[in-house]
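All remarks here apply to the structure that follows.
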Amino acid sequence: MTQLLEVDDLVVSFGALRAVDGISFAVTPGETLGLVGESGCGKSTTALALMRLLQGATLRGAARFAGRDLLALDEAAMRRVRGAEIAMIFQDPGTSLHPLIPVGEQVAEVLRAHLDIPATEARARALELFRKVGIAAPEQRLRAYPHELSGGMCQRVMIAAAIACGPRLLLADEPTTALDVTVQAQILDLLRSIARDSGMAVILITHDLGVVAGLADRVAVMYAGRIVEAADTRTLFANPAHPYTRGLLGAVPQLDRGWDEDLPTIAGSVETALAAKGCRFAPRCNFAYAACAERPPLEAVGEGHVAACWKVR
Ligand SMILES: Nc1ncnc2c1ncn2[C@@H]1O[C@H](COP(=O)(O)OP(=O)(O)O)[C@@H](O)[C@H]1O
Ligand SMILES: [Mg+2]
């Protein structure tokens, strides 16, 4: 199938630190890809690199999006892509909305930045978008300031801004992390229905496997700057191959577990792993052996299922 986005051996370095260390993945039109991993493994860096919004980073590799390499576009061309063809919901909701501008105006601004329409039409479309993302009393809410809205409502405004120009790809970076559980579920439902109705592709970034389970068609698991496993969501959950993925799945709360039981967590941390030459998960892995001193390639372990582990080849 023709890919909408094809990332080929993307490397992102901050000086000597390789936050993203040669990752490749593709997204087809309309597909939702979950990009999952613990904090610090390079998920946000990947998304910001695709948007070319990183300061002080060196990028290598290619990211072909609808026939162009995003990494090779000049800033003027990139500005036309950003917001219009690829939109992003940023991880830190507190800094994404301007505190002193009514939220409706902020959404109208996005529209006017990309479409040649008069202010009145932009306002009318913003109102329409507020309805679409399920904001109650939308006429009043257009005039509200961010601090007057709940976290869930602010996230709906951000989603409205992101989908305003009908992007072909949405990068959603931890879109529900700051929200309480009930609101999380509502926002995930909203993203699901928007993706389904619009045919927009989504890269859903999260540290929470529970979030991808309900929303992603396919999942790529990142660890310390590398993709260690990728498969369709059903396969990944039913038949995880990489020890890291298995560890993450073990750490997902089970409904049938009692509250007083400790959930298994993975020992060790990501930071120390970023410097390792071989398998970066080896220091935390129960199955590590001599071969793991070399970097394991991402290889097929099943139909549409790849993993980077010497033990599961
Ligand atoms: N601007 C930056 N300068 C230096 N290091 C950075 C910068 N941004 C991110 N990093 C580092 O890159 C790594 C990956 O970070 P990030 O992409 O935010 O991870 P994630 O989103 O998966 O939690 C971390 O070690 C982080 O400290
Ligand atoms: Mg992040």
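Ordering of the structure tokens sets the chain letters (A, B, ...); residue numbers start at 1 within each chain; ligands are numbered from 1 in the order shown.
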
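A distance cut-off of 7 Å from ligand 2, applied to only C-alpha atoms and all ligand atoms, picks out the residues Ser39, Gly40, Gly42, Lys43, Ser44, Gln91 and Asp173 of chain A.
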
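All residues of segment 27-173 of chain A that DSSP, run on the backbone, classes as strand (DSSP E or B) are Val27, Thr32, Leu33, Gly34, Leu35, Val36, Thr58, Leu59, Arg60, Gly61, Ala62, Ala63, Arg64, Phe65, Arg68, Asp69, Arg82, Ile86, Ala87, Met88, Ile89, Leu169, Leu170, Leu171, Ala172 and Asp173 of chain A.
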
Saved selection, atoms kept: N, CA and C atoms, as a PDB file, in the first residue's frame:
```pdb
ATOM      1  N   VAL A  27       3.444   4.979   7.975  1.00  0.00           N
ATOM      2  CA  VAL A  27       2.039   5.157   8.322  1.00  0.00           C
ATOM      3  C   VAL A  27       1.253   5.229   7.017  1.00  0.00           C
ATOM      4  N   THR A  32      -4.008   4.576  12.349  1.00  0.00           N
ATOM      5  CA  THR A  32      -3.537   5.092  13.633  1.00  0.00           C
ATOM      6  C   THR A  32      -2.394   4.206  14.126  1.00  0.00           C
ATOM      7  N   LEU A  33      -1.223   4.831  14.227  1.00  0.00           N
ATOM      8  CA  LEU A  33      -0.044   4.117  14.721  1.00  0.00           C
ATOM      9  C   LEU A  33       0.237   4.563  16.150  1.00  0.00           C
ATOM     10  N   GLY A  34       0.307   3.637  17.065  1.00  0.00           N
ATOM     11  CA  GLY A  34       0.680   3.954  18.437  1.00  0.00           C
ATOM     12  C   GLY A  34       2.191   3.906  18.569  1.00  0.00           C
ATOM     13  N   LEU A  35       2.767   4.975  19.120  1.00  0.00           N
ATOM     14  CA  LEU A  35       4.211   4.990  19.388  1.00  0.00           C
ATOM     15  C   LEU A  35       4.349   4.987  20.910  1.00  0.00           C
ATOM     16  N   VAL A  36       4.828   3.857  21.419  1.00  0.00           N
ATOM     17  CA  VAL A  36       4.738   3.622  22.856  1.00  0.00           C
ATOM     18  C   VAL A  36       6.110   3.409  23.473  1.00  0.00           C
ATOM     19  N   THR A  58      20.534  17.805  15.585  1.00  0.00           N
ATOM     20  CA  THR A  58      20.979  17.406  14.256  1.00  0.00           C
ATOM     21  C   THR A  58      20.105  16.246  13.796  1.00  0.00           C
ATOM     22  N   LEU A  59      19.536  16.380  12.590  1.00  0.00           N
ATOM     23  CA  LEU A  59      18.665  15.337  12.061  1.00  0.00           C
ATOM     24  C   LEU A  59      19.367  14.612  10.928  1.00  0.00           C
ATOM     25  N   ARG A  60      19.190  13.291  10.882  1.00  0.00           N
ATOM     26  CA  ARG A  60      19.722  12.507   9.784  1.00  0.00           C
ATOM     27  C   ARG A  60      18.668  11.490   9.370  1.00  0.00           C
ATOM     28  N   GLY A  61      18.756  11.013   8.126  1.00  0.00           N
ATOM     29  CA  GLY A  61      17.781  10.056   7.633  1.00  0.00           C
ATOM     30  C   GLY A  61      16.780  10.749   6.725  1.00  0.00           C
ATOM     31  N   ALA A  62      15.613  10.138   6.551  1.00  0.00           N
ATOM     32  CA  ALA A  62      14.592  10.720   5.679  1.00  0.00           C
ATOM     33  C   ALA A  62      13.219  10.492   6.296  1.00  0.00           C
ATOM     34  N   ALA A  63      12.296  11.391   5.953  1.00  0.00           N
ATOM     35  CA  ALA A  63      10.910  11.245   6.386  1.00  0.00           C
ATOM     36  C   ALA A  63      10.040  11.669   5.214  1.00  0.00           C
ATOM     37  N   ARG A  64       9.731  10.712   4.347  1.00  0.00           N
ATOM     38  CA  ARG A  64       8.955  11.032   3.147  1.00  0.00           C
ATOM     39  C   ARG A  64       7.484  11.114   3.503  1.00  0.00           C
ATOM     40  N   PHE A  65       6.911  12.287   3.224  1.00  0.00           N
ATOM     41  CA  PHE A  65       5.498  12.531   3.495  1.00  0.00           C
ATOM     42  C   PHE A  65       4.843  12.970   2.196  1.00  0.00           C
ATOM     43  N   ARG A  68       7.319  14.146  -0.429  1.00  0.00           N
ATOM     44  CA  ARG A  68       8.411  15.064  -0.090  1.00  0.00           C
ATOM     45  C   ARG A  68       9.167  14.550   1.122  1.00  0.00           C
ATOM     46  N   ASP A  69      10.453  14.890   1.202  1.00  0.00           N
ATOM     47  CA  ASP A  69      11.208  14.548   2.409  1.00  0.00           C
ATOM     48  C   ASP A  69      11.122  15.713   3.387  1.00  0.00           C
ATOM     49  N   ARG A  82       3.127  22.345   8.078  1.00  0.00           N
ATOM     50  CA  ARG A  82       2.811  22.370   9.507  1.00  0.00           C
ATOM     51  C   ARG A  82       1.433  22.995   9.754  1.00  0.00           C
ATOM     52  N   ILE A  86       0.148  18.408   8.285  1.00  0.00           N
ATOM     53  CA  ILE A  86       0.480  17.644   9.488  1.00  0.00           C
ATOM     54  C   ILE A  86       0.218  18.548  10.685  1.00  0.00           C
ATOM     55  N   ALA A  87      -0.618  18.094  11.593  1.00  0.00           N
ATOM     56  CA  ALA A  87      -0.898  18.890  12.782  1.00  0.00           C
ATOM     57  C   ALA A  87      -0.409  18.129  14.004  1.00  0.00           C
ATOM     58  N   MET A  88      -0.130  18.874  15.052  1.00  0.00           N
ATOM     59  CA  MET A  88       0.366  18.220  16.253  1.00  0.00           C
ATOM     60  C   MET A  88      -0.367  18.714  17.489  1.00  0.00           C
ATOM     61  N   ILE A  89      -0.697  17.781  18.360  1.00  0.00           N
ATOM     62  CA  ILE A  89      -1.171  18.121  19.699  1.00  0.00           C
ATOM     63  C   ILE A  89       0.020  17.918  20.622  1.00  0.00           C
ATOM     64  N   LEU A 169      -2.322  14.075   8.521  1.00  0.00           N
ATOM     65  CA  LEU A 169      -1.653  13.346   9.596  1.00  0.00           C
ATOM     66  C   LEU A 169      -1.708  14.181  10.868  1.00  0.00           C
ATOM     67  N   LEU A 170      -2.090  13.537  11.962  1.00  0.00           N
ATOM     68  CA  LEU A 170      -2.103  14.192  13.272  1.00  0.00           C
ATOM     69  C   LEU A 170      -1.087  13.507  14.174  1.00  0.00           C
ATOM     70  N   LEU A 171      -0.199  14.299  14.747  1.00  0.00           N
ATOM     71  CA  LEU A 171       0.730  13.774  15.741  1.00  0.00           C
ATOM     72  C   LEU A 171       0.163  14.140  17.108  1.00  0.00           C
ATOM     73  N   ALA A 172      -0.295  13.157  17.841  1.00  0.00           N
ATOM     74  CA  ALA A 172      -0.927  13.416  19.143  1.00  0.00           C
ATOM     75  C   ALA A 172       0.011  12.922  20.233  1.00  0.00           C
ATOM     76  N   ASP A 173       0.680  13.881  20.900  1.00  0.00           N
ATOM     77  CA  ASP A 173       1.714  13.527  21.881  1.00  0.00           C
ATOM     78  C   ASP A 173       1.111  13.505  23.283  1.00  0.00           C
TER      79      ASP A 173
END
```

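Atom to atom, atom CA of Arg168 of chain A and atom CA of Val107 of chain A stand 17.9 Å apart.
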
- Query: Residues within 7 Å of ligand 1 (only C-alpha atoms and all ligand atoms), as a PyMOL selection string?
  - Reply: chain A and resi 14+17+19+37-46+54-56+271

- Task: Name the residues in contact with segment 183-192 of chain A at a cut-off of 7 Å, using only C-alpha atoms, excluding same-chain residues fewer than 6 positions from it; report them as a VMD selection string.
- Result: chain A and resid 133 152 176 215

Export N, CA and C atoms of the chosen residues as a PDB file, in the first residue's frame?
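Heads up, here's the output in again-v7.pdb:
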```pdb
ATOM      1  N   VAL A 133     -15.970  18.979  18.152  1.00  0.00           N
ATOM      2  CA  VAL A 133     -15.171  18.340  19.201  1.00  0.00           C
ATOM      3  C   VAL A 133     -15.934  18.262  20.528  1.00  0.00           C
ATOM      4  N   GLY A 152      -9.922  19.052  30.273  1.00  0.00           N
ATOM      5  CA  GLY A 152     -10.529  18.304  29.171  1.00  0.00           C
ATOM      6  C   GLY A 152     -11.030  19.231  28.081  1.00  0.00           C
ATOM      7  N   THR A 176      -3.822  12.560  26.382  1.00  0.00           N
ATOM      8  CA  THR A 176      -4.739  12.401  27.519  1.00  0.00           C
ATOM      9  C   THR A 176      -4.028  12.280  28.862  1.00  0.00           C
ATOM     10  N   LEU A 215      -7.238   2.341  20.486  1.00  0.00           N
ATOM     11  CA  LEU A 215      -7.225   3.362  19.448  1.00  0.00           C
ATOM     12  C   LEU A 215      -6.330   3.042  18.255  1.00  0.00           C
TER      13      LEU A 215
END
```

- Pick from A:Cys292, A:Leu248, A:His305, A:Arg284, whichever lies nearest to Arg234 of chain A using only C-alpha atoms: A:His305

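Distance annotation: of A:Asp8, A:Glu75, A:Asp92, A:Asp232, the residue with the minimal separation from Val212 of chain A is A:Asp232; atom set is only C-alpha atoms.
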
So which residues touch Gly278 of chain A within 8 Å, counting only C-alpha atoms, skipping near sequence neighbours fewer than 2 positions away, as an mmCIF file with N, CA and C atoms, in the first residue's frame?
```cif
data_model
loop_
_atom_site.group_PDB
_atom_site.id
_atom_site.type_symbol
_atom_site.label_atom_id
_atom_site.label_comp_id
_atom_site.auth_asym_id
_atom_site.auth_seq_id
_atom_site.Cartn_x
_atom_site.Cartn_y
_atom_site.Cartn_z
ATOM 1 N N ALA A 276 24.470 2.956 25.522
ATOM 2 C CA ALA A 276 24.921 1.591 25.217
ATOM 3 C C ALA A 276 25.038 1.335 23.721
ATOM 4 N N ARG A 280 20.080 -1.978 23.904
ATOM 5 C CA ARG A 280 20.004 -1.010 24.995
ATOM 6 C C ARG A 280 19.165 -1.512 26.160
ATOM 7 N N ALA A 282 19.433 -4.594 27.269
ATOM 8 C CA ALA A 282 20.143 -5.721 27.903
ATOM 9 C C ALA A 282 20.369 -5.562 29.412
ATOM 10 N N CYS A 292 24.006 -10.021 23.111
ATOM 11 C CA CYS A 292 23.339 -8.729 23.288
ATOM 12 C C CYS A 292 24.316 -7.552 23.335
ATOM 13 N N ALA A 293 25.618 -7.841 23.356
ATOM 14 C CA ALA A 293 26.615 -6.779 23.263
ATOM 15 C C ALA A 293 26.590 -6.136 21.876
ATOM 16 N N GLU A 294 25.977 -6.810 20.895
ATOM 17 C CA GLU A 294 25.792 -6.246 19.556
ATOM 18 C C GLU A 294 24.358 -5.775 19.395
ATOM 19 N N ARG A 295 24.169 -4.723 18.599
ATOM 20 C CA ARG A 295 22.820 -4.225 18.387
ATOM 21 C C ARG A 295 21.993 -5.232 17.579
ATOM 22 N N PRO A 296 20.881 -5.699 18.111
ATOM 23 C CA PRO A 296 20.061 -6.640 17.350
ATOM 24 C C PRO A 296 19.256 -5.907 16.276
#
```

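Atom CA of Arg18 of chain A is positioned 22.4 Å from atom CA of Trp310 of chain A.
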
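For the set A:Phe25, A:Phe130, A:Phe287, A:Phe281, the residue with the smallest atom-to-atom gap to Ala231 of chain A is A:Phe25, counting only C-alpha atoms.
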
- Message: With DSSP run on the backbone, what are the alpha helix (DSSP H) residues within segment 3-61 of chain A? I'd like them as a PyMOL selection string.
- Response: chain A and resi 43-50

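Nearest-residue note for Cys165 of chain A: choosing from A:Gly302, A:Pro146, A:Gly83, A:Pro99, the minimum distance belongs to A:Gly83, counting only C-alpha atoms.
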
- Extract, using only C-alpha atoms, all DNA, RNA and protein residues at most 8 Å from Arg313 of chain A, discarding same-chain residues fewer than 3 positions from it, and format them as an NGL selection string. :A and (299-301 or 307 or 309-310)

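Checking A:Gly225, A:His114, A:Asp74, A:Thr233 one by one against Gly210 of chain A, counting only C-alpha atoms, you find the shortest gap at A:Thr233.
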